[in-house]
Amino acid sequence: MATTSPAAPSEGITYKKHPGARYLHGPHRTIGGVEAWLVWSLCAVFVIWLFAIQTGYAVVSPEIQKTAALTVTQISLAGSIYTWAFALCQFFSGALLDRFGSRPLMAIAVALVTAGAFLYAQTSSMGTLVAAQIVLAVGSSFGFVGAGYVGGQWFPAARYGLMFGLVQCLASLGSAFGQPAISWQLRHVTWQQLLNGFGAAGVLLIVLFALLVRNPSPGPEQLAQATARTSRPPLPASIFRDLGTCFRNRNVVLSAALAGVSFGSMLAMGVLWGPRVMEARGAATSLAAVLTAVSWLGLAVGAPLFNLLSDHWNNRRVPAVVGVLLQAVAVALLIYLPKETNSVSVVTMFCVGLFAGAHMLGFTVAGESVPAALVGSSAAIVNGVCFIIGGILQAVPGKLLPSDPDLTDYGHALLIMPILLVLGALAGFFIRETGTQNA
């Protein structure tokens, strides 16, 4: 089957006659070695970079609105188009990674985000802005899930959750510091120059991805998967079949529900409702930016922490359930405490992000509950659900609030969040334990 015996992988194997040979030719690439860290680091940089572009929309959108003579409604609509296009593409990105591997899909994803950044910089009408948002959404849908997929392919299975948690940690740090950094840059350059700068960085990333990002050499399990790939139905049918297999897995559905309400609540509170609640308490508007940054810093700590604790205890279910319940308490405190100082609100918001780190165990459980060939699909489903619920929790309370809401109004409208978090924790009780598989 192979031109060289698999017994000596370090000598440079080429599986030219094997159906899976297209996934890699050349020297063996060591799982968990130097090249593994290089490939994973590039994917992590991609995530940080695209998060900076996403975060920058809130900062540069007023400038785009003036230059392109757009209304606030049009700017908001363009942001919504990005969110929903991203969520839709998310479900297919993981299946495509499972089918074709990280090479060349990740390089193509970087190219799409780069093209979107350059389109952004040329915005002169609503049509150009919408086109930029859609191109960005398609490319970005491979970012977070792609970095997690690479971590699962290049590192031992027992470290899959930790590597995914580290990606979320870096992404959260990027979100925490991205807006202040972009605001500072806009004092020295125009928004067009800033976005063209992001695009230029993307060109460099494309070159690096094309030259350096590979799939690891196939071992016996990967060769069996490659053989199975050759017998798959045509691409569209294959994607829907893989997604259907994942959706029929109870653990994938339950872990997606748990992760979705956890991250969705964190996103809604950290980006929108947390600062609004504090303003209703009489806090200064300047505190809003601090609260947003603090919530992302909390998530940066919590994302890898919960995976480390889970690995140490060889248990996924208990840390996930406890973390989500504690997040419900933190959210309730932020919403319902009648009076609190700024220092208490900062600590509470940090805890909202910290305990939201439990949502990363949803990715871990889903990845451990499906065959290795479906890890990307399972991660995409969990991430897609996270953003869908996040979008709902930002939109629904807004429909329930009066035009000039007070603290009591926020309490009624945001009650949905602690309730959903408790329900998500209950769903976690029915997850079949997977931590002992890697003990």
# chains A, B, ... in the order shown; residues from 1 in each chain; ligands from 1
call {"tool": "residues_around", "arguments": {"residues": "A:Ala257", "least_positions_apart": "2", "cutoff": "8 Å", "atoms": "only C-alpha atoms", "output": "count of residues only"}}
result
10
call {"tool": "residues_around", "arguments": {"residues": "A:Asp98", "least_positions_apart": "4", "cutoff": "7 Å", "atoms": "only C-alpha atoms", "output": "list in words"}}
result
Gly94, Ala373, Leu374, Gly376 and Ser377 of chain A
call {"tool": "residues_around", "arguments": {"residues": "A:Phe164", "least_positions_apart": "6", "cutoff": "12 Å", "atoms": "only C-alpha atoms", "output": "CSV table (one decimal) with C-alpha atoms, in the first residue's frame"}}
result
chain,number,residue,atom,x,y,z
A,40,TRP,CA,-0.9,25.7,15.9
A,41,SER,CA,0.7,29.1,16.7
A,43,CYS,CA,-3.6,29.3,13.5
A,44,ALA,CA,-3.8,31.0,16.8
A,47,VAL,CA,-7.7,33.8,15.3
A,143,GLY,CA,-10.8,30.6,12.3
A,144,PHE,CA,-11.6,29.4,15.8
A,145,VAL,CA,-12.8,26.0,14.7
A,146,GLY,CA,-9.8,25.6,12.4
A,147,ALA,CA,-7.4,26.3,15.3
A,148,GLY,CA,-9.2,23.8,17.5
A,149,TYR,CA,-9.1,21.2,14.6
A,150,VAL,CA,-5.4,21.7,14.2
A,151,GLY,CA,-4.8,21.3,17.9
A,152,GLY,CA,-6.7,18.0,17.7
A,153,GLN,CA,-4.7,16.8,14.7
A,155,PHE,CA,-1.4,17.0,19.5
A,157,ALA,CA,-6.1,13.4,22.0
A,158,ALA,CA,-5.8,14.0,25.8
A,170,LEU,CA,-5.7,34.2,23.2
A,171,ALA,CA,-8.8,35.2,21.3
A,300,ALA,CA,-9.1,34.3,29.0
A,303,ALA,CA,-11.0,28.8,29.2
A,304,PRO,CA,-7.8,26.9,29.8
A,305,LEU,CA,-8.4,26.7,33.6
A,306,PHE,CA,-11.5,24.5,33.3
A,307,ASN,CA,-9.8,22.2,30.8
A,308,LEU,CA,-6.8,21.8,33.2
A,357,GLY,CA,-14.7,29.2,30.6
A,359,HIS,CA,-18.2,26.3,27.9
A,360,MET,CA,-14.9,25.1,26.5
A,361,LEU,CA,-15.6,21.7,28.0
A,362,GLY,CA,-18.5,21.5,25.5
A,363,PHE,CA,-16.0,21.4,22.7
A,364,THR,CA,-13.9,18.8,24.6
A,365,VAL,CA,-16.9,16.5,25.3
A,367,GLY,CA,-14.7,16.0,20.2
A,376,GLY,CA,-14.1,19.4,13.1
A,379,ALA,CA,-16.6,21.6,17.1
A,383,ASN,CA,-19.4,27.0,18.1
call {"tool": "residues_around", "arguments": {"residues": "A:Leu426", "least_positions_apart": "4", "cutoff": "8 Å", "atoms": "only C-alpha atoms", "output": "PyMOL selection string"}}
result
chain A and resi 321+422+430
call {"tool": "residues_around", "arguments": {"residues": "A:Ser172", "least_positions_apart": "3", "cutoff": "6 Å", "atoms": "only C-alpha atoms", "output": "number ranges by chain"}}
result
A: 168-169, 175, 296, 300
call {"tool": "residues_around", "arguments": {"residues": "A:Gly270", "least_positions_apart": "5", "cutoff": "10 Å", "atoms": "only C-alpha atoms", "output": "count of residues only"}}
result
15
call {"tool": "closest_residue", "arguments": {"among": "A:Gln185, A:Gln179, A:Asn251, A:Thr123", "to": "A:Phe51", "atoms": "only C-alpha atoms"}}
result
A:Gln179
call {"tool": "atom_distance", "arguments": {"atom1": "atom CA of A:Val167", "atom2": "atom CA of A:Arg99"}}
result
22.3 Å
call {"tool": "closest_residue", "arguments": {"among": "A:Ala358, A:Ala85, A:Ala132, A:Leu173", "to": "A:Arg317", "atoms": "only C-alpha atoms"}}
result
A:Ala358
call {"tool": "closest_residue", "arguments": {"among": "A:Gly384, A:Gly274, A:Pro180, A:Pro405", "to": "A:Leu88", "atoms": "only C-alpha atoms"}}
result
A:Gly384
call {"tool": "residues_around", "arguments": {"residues": "A:Met417", "least_positions_apart": "5", "cutoff": "10 Å", "atoms": "only C-alpha atoms", "output": "PyMOL selection string"}}
result
chain A and resi 261-262+264-266+268-269+327-328+331-332+335+393+397+422-423
call {"tool": "atom_distance", "arguments": {"atom1": "atom CA of A:Gly428", "atom2": "atom CA of A:Ala320"}}
result
7.1 Å
call {"tool": "closest_residue", "arguments": {"among": "A:Arg432, A:Pro62, A:Pro319, A:Met163", "to": "A:Leu186", "atoms": "only C-alpha atoms"}}
result
A:Pro62
call {"tool": "atom_distance", "arguments": {"atom1": "atom CA of A:Pro418", "atom2": "atom CA of A:His312"}}
result
28.4 Å
call {"tool": "closest_residue", "arguments": {"among": "A:Thr190, A:Ser403, A:Ser183, A:Thr114", "to": "A:Val207", "atoms": "only C-alpha atoms"}}
result
A:Thr114
call {"tool": "select_by_dssp", "arguments": {"residues": "stretch 137-371 of chain A", "states": "helix (DSSP H, G or I)", "output": "PyMOL selection string"}}
result
chain A and resi 137-140+143-154+157-185+191-212+220-230+235-247+250-280+286-313+317-336+342-368
call {"tool": "closest_residue", "arguments": {"among": "A:Val60, A:Leu212, A:Val277, A:Cys246", "to": "A:Ile381", "atoms": "only C-alpha atoms"}}
result
A:Cys246
